[in-house]
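Undergrad: The structure follows.
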Amino acid sequence: MNISNYKVILASNSPRRRDLLSQVGIEYEVIPSECQEIIRATTPEKAVIQLALDKAADVAAKVPYNSLVIGADTVVVADGMILGKPADKSTAAGMIDRLQGRQHSVYTGVALIFHGADGDIVKNFACETKVYVYDMTKEQIEAYIDTGECMDKAGAYGIQGRFAAYVEKIDGDYNNVVGLPVSRLIHEIDNMEV
Ligand SMILES: Cc1cn([C@H]2C[C@H](O)[C@@H](COP(=O)(O)OP(=O)(O)OP(=O)(O)O)O2)c(=O)[nH]c1=O
């Protein structure tokens, strides 16, 4: 699919997702989805794909034909437990304490809906990145929470922010942790037949 022939809509409020699309030269319009994020799936990969599809479908229904709508969802998973965005600072501190000193996974699901006059063409995928975090003291956790950067992010941290100080290494796509695996996205769009 030659993306320059169509309108691209990013169905997201995430400033990180906007920055990543711009970084790879994709021109787009933002129409945030208004759907509730309710997980109905049984695994993290299926959950992020389901949520990405919910977001993209919510917006696709509102845009003109010949538009490509992109939805995404990111979760952090530790001990099989899905960590979304923290409700408050205490929850955030608990999340960071669960993540420090060990390895966890970040999953981002992406949904592509080409909204056309002859019906929608849908493609979706999920990517996993493993993140290894150094040991953190209680004081370091508290200091990180006090930066305020944790509240709007899954797992209560931003690898692109101050939390980078505690990331030992990653195994997979860094941008997938930030919120949009743009290299895989471009590859999937290039191979999408509309
Ligand atoms: C793990 C991690 C997540 N995040 C962010 C990416 C997402 O914005 C957010 C996960 O929440 P999401 O629900 O995936 O996205 P969102 O609510 O920010 O935006 P929308 O639903 O409108 O698309 O966490 C980082 O910025 N850095 C990180 O290291």
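Chain labels follow the order of the structure tokens: the first chain is A, the next B, and so on; residue numbering restarts at 1 in every chain, and ligands are counted from 1 in their shown order.
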Give me the residues near range 117-122 of chain A as number ranges by chain, where near means some atom within 6 Å (using only C-alpha atoms) and where sequence neighbours in that chain fewer than 4 positions away do not count.
TA: A: 65, 112-113
Undergrad: Hey, which residues come within 7 Å of ligand 1 if we count only C-alpha atoms and all ligand atoms? Could you give them as JSON, numbers by chain?
TA: {"A": [11, 12, 13, 14, 15, 16, 17, 32, 33, 71, 72, 73, 74, 75, 76, 84, 85, 106, 152, 153, 154, 155, 157, 158, 159, 160, 177, 178, 179]}
Undergrad: Would you write out those residues with C-alpha atoms, as a PDB file, in the first residue's frame?
TA:
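selection.pdb, written as the output of this step:
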```pdb
ATOM      1  CA  ALA A  11      -6.545   7.020  16.764  1.00  0.00           C
ATOM      2  CA  SER A  12      -4.513   7.974  19.830  1.00  0.00           C
ATOM      3  CA  ASN A  13      -4.030  10.583  22.539  1.00  0.00           C
ATOM      4  CA  SER A  14      -0.473   9.399  23.121  1.00  0.00           C
ATOM      5  CA  PRO A  15       2.113  12.119  22.433  1.00  0.00           C
ATOM      6  CA  ARG A  16       4.716   9.377  22.142  1.00  0.00           C
ATOM      7  CA  ARG A  17       2.814   7.730  19.284  1.00  0.00           C
ATOM      8  CA  PRO A  32      -8.460  10.039  19.586  1.00  0.00           C
ATOM      9  CA  SER A  33     -10.752   7.060  20.157  1.00  0.00           C
ATOM     10  CA  GLY A  71      -4.823   2.220  16.702  1.00  0.00           C
ATOM     11  CA  ALA A  72      -2.385   0.936  19.325  1.00  0.00           C
ATOM     12  CA  ASP A  73      -2.234  -0.299  22.905  1.00  0.00           C
ATOM     13  CA  THR A  74       0.738  -0.969  25.183  1.00  0.00           C
ATOM     14  CA  VAL A  75       0.856  -3.022  28.375  1.00  0.00           C
ATOM     15  CA  VAL A  76       3.635  -4.120  30.712  1.00  0.00           C
ATOM     16  CA  GLY A  84      -1.640  -0.716  32.669  1.00  0.00           C
ATOM     17  CA  LYS A  85      -1.474   2.950  33.658  1.00  0.00           C
ATOM     18  CA  VAL A 106       6.177  -4.947  27.116  1.00  0.00           C
ATOM     19  CA  ASP A 152       0.172   8.286  32.022  1.00  0.00           C
ATOM     20  CA  LYS A 153       2.268   5.255  31.099  1.00  0.00           C
ATOM     21  CA  ALA A 154       1.730   1.509  31.271  1.00  0.00           C
ATOM     22  CA  GLY A 155       3.755  -0.061  34.072  1.00  0.00           C
ATOM     23  CA  TYR A 157       7.425   4.159  33.709  1.00  0.00           C
ATOM     24  CA  GLY A 158       8.738   5.811  30.563  1.00  0.00           C
ATOM     25  CA  ILE A 159      11.844   4.168  29.094  1.00  0.00           C
ATOM     26  CA  GLN A 160      12.329   7.351  27.033  1.00  0.00           C
ATOM     27  CA  VAL A 177       8.285  -0.127  24.606  1.00  0.00           C
ATOM     28  CA  VAL A 178       7.725   3.603  24.034  1.00  0.00           C
ATOM     29  CA  GLY A 179       4.374   2.777  22.441  1.00  0.00           C
TER      30      GLY A 179
END
```
Undergrad: Neighbours of Cys35 in chain A within 9 Å (only C-alpha atoms; same-chain residues fewer than 5 positions away dropped), as a list in words?
TA: Asp54, Lys55 and Asp58 of chain A
Undergrad: Write to file, as a short mmCIF file (atom, residue, chain, number, x, y, z; two decimals), in the first residue's frame, the residues of the selection just made, with N, CA, C and O atoms.
TA:
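Contents of the output file selection.cif:
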```cif
data_model
loop_
_atom_site.label_atom_id
_atom_site.label_comp_id
_atom_site.auth_asym_id
_atom_site.auth_seq_id
_atom_site.Cartn_x
_atom_site.Cartn_y
_atom_site.Cartn_z
N ASP A 54 -10.22 -2.10 19.02
CA ASP A 54 -11.35 -1.31 19.55
C ASP A 54 -11.16 0.17 19.26
O ASP A 54 -12.08 0.86 18.82
N LYS A 55 -9.93 0.66 19.50
CA LYS A 55 -9.65 2.09 19.30
C LYS A 55 -9.76 2.46 17.82
O LYS A 55 -10.39 3.45 17.45
N ASP A 58 -13.36 2.30 16.50
CA ASP A 58 -14.17 3.43 17.01
C ASP A 58 -13.99 4.65 16.11
O ASP A 58 -14.95 5.35 15.77
#
```
Undergrad: Taking the DSSP secondary structure from the backbone, can you list the residues of range 73-151 of chain A that are helix (DSSP H, G or I), as a ChimeraX atom specification?
TA: /A:89-99,138-146
Undergrad: As a PyMOL selection string, which residues of range 67-178 of chain A does DSSP assign to strand (DSSP E or B)?
TA: chain A and resi 67-78+81-83+103-116+119-133+167-171
Undergrad: Extract, using only C-alpha atoms, all DNA, RNA and protein residues at most 12 Å from Gly25 in chain A, discarding same-chain residues fewer than 3 positions from it, and format them as a PyMOL selection string.
TA: chain A and resi 3-4+8+18-22+28+182-183+186
Undergrad: With N, CA, C and O atoms kept, could you save the residues just selected as a short mmCIF file (atom, residue, chain, number, x, y, z; two decimals), in the first residue's frame?
TA:
```cif
data_model
loop_
_atom_site.label_atom_id
_atom_site.label_comp_id
_atom_site.auth_asym_id
_atom_site.auth_seq_id
_atom_site.Cartn_x
_atom_site.Cartn_y
_atom_site.Cartn_z
N ILE A 3 1.15 4.62 1.12
CA ILE A 3 0.44 5.39 2.16
C ILE A 3 0.23 6.85 1.75
O ILE A 3 -0.71 7.51 2.20
N SER A 4 1.07 7.34 0.82
CA SER A 4 0.95 8.77 0.45
C SER A 4 -0.32 9.04 -0.37
O SER A 4 -0.72 10.17 -0.57
N VAL A 8 -4.13 9.45 6.54
CA VAL A 8 -3.75 8.59 7.69
C VAL A 8 -4.29 9.24 8.96
O VAL A 8 -4.09 10.44 9.20
N ARG A 18 2.40 9.99 18.51
CA ARG A 18 2.47 11.08 17.52
C ARG A 18 3.93 11.34 17.13
O ARG A 18 4.28 11.39 15.95
N ASP A 19 4.79 11.44 18.13
CA ASP A 19 6.21 11.72 17.86
C ASP A 19 6.84 10.62 17.00
O ASP A 19 7.60 10.91 16.06
N LEU A 20 6.50 9.37 17.29
CA LEU A 20 7.11 8.26 16.54
C LEU A 20 6.65 8.24 15.08
O LEU A 20 7.45 8.04 14.17
N LEU A 21 5.36 8.49 14.85
CA LEU A 21 4.88 8.55 13.45
C LEU A 21 5.57 9.70 12.70
O LEU A 21 6.02 9.54 11.56
N SER A 22 5.68 10.84 13.36
CA SER A 22 6.34 12.00 12.71
C SER A 22 7.80 11.69 12.44
O SER A 22 8.35 12.03 11.38
N TYR A 28 -0.09 12.65 9.20
CA TYR A 28 -1.31 12.06 9.76
C TYR A 28 -2.14 13.14 10.44
O TYR A 28 -1.67 14.25 10.70
N VAL A 182 7.39 1.27 15.15
CA VAL A 182 7.23 1.93 13.84
C VAL A 182 7.88 1.15 12.70
O VAL A 182 7.35 1.14 11.57
N SER A 183 8.98 0.43 12.96
CA SER A 183 9.60 -0.30 11.83
C SER A 183 8.67 -1.43 11.36
O SER A 183 8.42 -1.60 10.17
N ILE A 186 5.62 0.18 9.50
CA ILE A 186 5.90 0.56 8.10
C ILE A 186 5.91 -0.69 7.21
O ILE A 186 5.33 -0.73 6.13
#
```
Undergrad: Determine the nearest neighbour of Thr137 in chain A from the options A:Asp173, A:Glu37, A:Glu168, A:Asp97, counting only C-alpha atoms.
TA: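 Of all the options, A:Asp97 lies closest to Thr137 in chain A.
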Undergrad: So that I can see what lies close to range 131-135 of chain A, please list as a list in words the residues with an atom at most 9 Å from it, counting only C-alpha atoms and leaving out residues fewer than 5 positions away in the same chain.
TA: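 Non-adjacent residues within range: Leu99, Gln100, Gly101, Arg102, Gln103, His104, Ser105, Val106, Ala165, Tyr166, Val167, Glu168, Lys169, Ile170, Asp171, Gly172 and Val177 of chain A.
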Undergrad: Those residues you just picked out, can you put them in a file as a short mmCIF file (atom, residue, chain, number, x, y, z; two decimals), in the first residue's frame with N, CA, C and O atoms?
TA:
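result_31.cif was written with the following content:
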```
data_model
loop_
_atom_site.label_atom_id
_atom_site.label_comp_id
_atom_site.auth_asym_id
_atom_site.auth_seq_id
_atom_site.Cartn_x
_atom_site.Cartn_y
_atom_site.Cartn_z
N LEU A 99 8.76 -4.32 39.24
CA LEU A 99 9.56 -4.41 38.01
C LEU A 99 11.06 -4.34 38.27
O LEU A 99 11.86 -4.82 37.46
N GLN A 100 11.46 -3.73 39.40
CA GLN A 100 12.89 -3.48 39.62
C GLN A 100 13.63 -4.79 39.91
O GLN A 100 13.09 -5.73 40.45
N GLY A 101 14.90 -4.83 39.43
CA GLY A 101 15.77 -5.97 39.74
C GLY A 101 15.48 -7.24 38.97
O GLY A 101 15.94 -8.32 39.33
N ARG A 102 14.71 -7.11 37.87
CA ARG A 102 14.37 -8.33 37.13
C ARG A 102 13.93 -8.00 35.71
O ARG A 102 13.98 -6.84 35.30
N GLN A 103 13.46 -9.01 34.97
CA GLN A 103 13.05 -8.82 33.58
C GLN A 103 11.53 -8.86 33.48
O GLN A 103 10.87 -9.59 34.22
N HIS A 104 11.00 -8.03 32.58
CA HIS A 104 9.56 -8.07 32.31
C HIS A 104 9.35 -7.89 30.81
O HIS A 104 10.31 -7.61 30.07
N SER A 105 8.13 -8.02 30.36
CA SER A 105 7.83 -7.84 28.93
C SER A 105 6.92 -6.65 28.71
O SER A 105 6.09 -6.31 29.57
N VAL A 106 7.09 -6.01 27.56
CA VAL A 106 6.18 -4.95 27.12
C VAL A 106 5.58 -5.40 25.79
O VAL A 106 6.32 -5.82 24.89
N ALA A 165 17.57 5.45 33.32
CA ALA A 165 18.70 5.30 34.26
C ALA A 165 18.72 3.91 34.91
O ALA A 165 19.75 3.47 35.42
N TYR A 166 17.56 3.24 34.88
CA TYR A 166 17.48 1.95 35.59
C TYR A 166 17.32 0.77 34.65
O TYR A 166 17.17 -0.37 35.08
N VAL A 167 17.34 1.02 33.32
CA VAL A 167 17.17 -0.08 32.36
C VAL A 167 18.54 -0.65 32.01
O VAL A 167 19.39 0.04 31.44
N GLU A 168 18.75 -1.91 32.41
CA GLU A 168 20.05 -2.55 32.14
C GLU A 168 20.21 -2.86 30.66
O GLU A 168 21.24 -2.58 30.05
N LYS A 169 19.15 -3.48 30.07
CA LYS A 169 19.20 -3.80 28.64
C LYS A 169 17.80 -4.15 28.18
O LYS A 169 16.89 -4.35 29.00
N ILE A 170 17.63 -4.16 26.84
CA ILE A 170 16.34 -4.64 26.31
C ILE A 170 16.63 -5.68 25.23
O ILE A 170 17.71 -5.70 24.63
N ASP A 171 15.63 -6.53 25.03
CA ASP A 171 15.76 -7.55 23.97
C ASP A 171 14.54 -7.36 23.06
O ASP A 171 13.44 -7.79 23.41
N GLY A 172 14.72 -6.62 21.96
CA GLY A 172 13.60 -6.32 21.05
C GLY A 172 13.61 -4.87 20.67
O GLY A 172 14.60 -4.15 20.85
N VAL A 177 8.48 -0.44 23.18
CA VAL A 177 8.29 -0.13 24.61
C VAL A 177 7.69 1.28 24.76
O VAL A 177 6.75 1.51 25.53
#
```
Undergrad: In Å, with one decimal, what is the gap from CA of Asp190 in chain A to CA of Lys62 in chain A?
TA: 24.3 Å
Undergrad: Just give me the gap between CA of Leu180 in chain A and CA of Gly94 in chain A in Å, one decimal is fine.
TA: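 Separation between CA of Leu180 in chain A and CA of Gly94 in chain A: 25.2 Å.
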Undergrad: Please, what distance in Å, to one decimal, runs between CA of Ile145 in chain A and CA of Ala164 in chain A?
TA: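 Calculated distance between CA of Ile145 in chain A and CA of Ala164 in chain A is 13.6 Å.
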Undergrad: Do you know which residues are at most 9 Å from Ala111 in chain A counting only C-alpha atoms, after dropping those on the same chain fewer than 2 positions away, and could you put them as a PyMOL selection string?
TA: chain A and resi 49-57+69-72+109+113+122-126
Undergrad: Could you please take those selected residues and save N, CA and C atoms as a tab-separated table (two decimals), in the first residue's frame?
TA:
```tsv
chain	number	residue	atom	x	y	z
A	49	ILE	N	-3.93	-6.45	21.06
A	49	ILE	CA	-4.51	-6.42	19.70
A	49	ILE	C	-5.98	-6.04	19.79
A	50	GLN	N	-6.69	-6.66	20.75
A	50	GLN	CA	-8.13	-6.35	20.92
A	50	GLN	C	-8.34	-4.88	21.24
A	51	LEU	N	-7.54	-4.33	22.14
A	51	LEU	CA	-7.70	-2.91	22.51
A	51	LEU	C	-7.33	-1.99	21.37
A	52	ALA	N	-6.28	-2.35	20.61
A	52	ALA	CA	-5.90	-1.54	19.44
A	52	ALA	C	-7.02	-1.55	18.40
A	53	LEU	N	-7.62	-2.73	18.20
A	53	LEU	CA	-8.72	-2.84	17.24
A	53	LEU	C	-9.93	-2.03	17.70
A	54	ASP	N	-10.22	-2.10	19.02
A	54	ASP	CA	-11.35	-1.31	19.55
A	54	ASP	C	-11.16	0.17	19.26
A	55	LYS	N	-9.93	0.66	19.50
A	55	LYS	CA	-9.65	2.09	19.30
A	55	LYS	C	-9.76	2.46	17.82
A	56	ALA	N	-9.14	1.63	16.96
A	56	ALA	CA	-9.14	1.94	15.52
A	56	ALA	C	-10.55	1.86	14.95
A	57	ALA	N	-11.31	0.85	15.37
A	57	ALA	CA	-12.67	0.68	14.83
A	57	ALA	C	-13.58	1.84	15.26
A	69	VAL	N	-6.66	4.05	9.29
A	69	VAL	CA	-6.73	4.38	10.72
A	69	VAL	C	-5.77	3.47	11.48
A	70	ILE	N	-4.96	4.08	12.35
A	70	ILE	CA	-3.98	3.33	13.15
A	70	ILE	C	-4.35	3.43	14.63
A	71	GLY	N	-4.57	2.26	15.26
A	71	GLY	CA	-4.82	2.22	16.70
A	71	GLY	C	-3.73	1.39	17.36
A	72	ALA	N	-3.44	1.69	18.63
A	72	ALA	CA	-2.39	0.94	19.32
A	72	ALA	C	-2.69	0.85	20.81
A	109	GLY	N	0.17	-3.72	20.83
A	109	GLY	CA	-0.68	-4.21	19.73
A	109	GLY	C	-0.97	-3.04	18.81
A	113	ILE	N	-6.76	-0.19	10.03
A	113	ILE	CA	-8.05	-0.37	9.35
A	113	ILE	C	-8.07	0.58	8.16
A	122	VAL	N	-8.77	-4.95	7.35
A	122	VAL	CA	-8.19	-4.88	8.71
A	122	VAL	C	-6.94	-5.75	8.81
A	123	LYS	N	-5.91	-5.17	9.44
A	123	LYS	CA	-4.67	-5.93	9.68
A	123	LYS	C	-4.25	-5.62	11.12
A	124	ASN	N	-3.75	-6.61	11.86
A	124	ASN	CA	-3.29	-6.31	13.22
A	124	ASN	C	-2.11	-7.21	13.57
A	125	PHE	N	-1.33	-6.73	14.53
A	125	PHE	CA	-0.18	-7.50	15.00
A	125	PHE	C	0.20	-7.03	16.40
A	126	ALA	N	0.99	-7.82	17.09
A	126	ALA	CA	1.51	-7.43	18.41
A	126	ALA	C	3.01	-7.72	18.44
```
Undergrad: From the list A:Met136, A:Met192, A:Ala156, A:Gly116, which residue is nearest Pro64 in chain A when using only C-alpha atoms?
TA: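 Closest candidate: A:Gly116.
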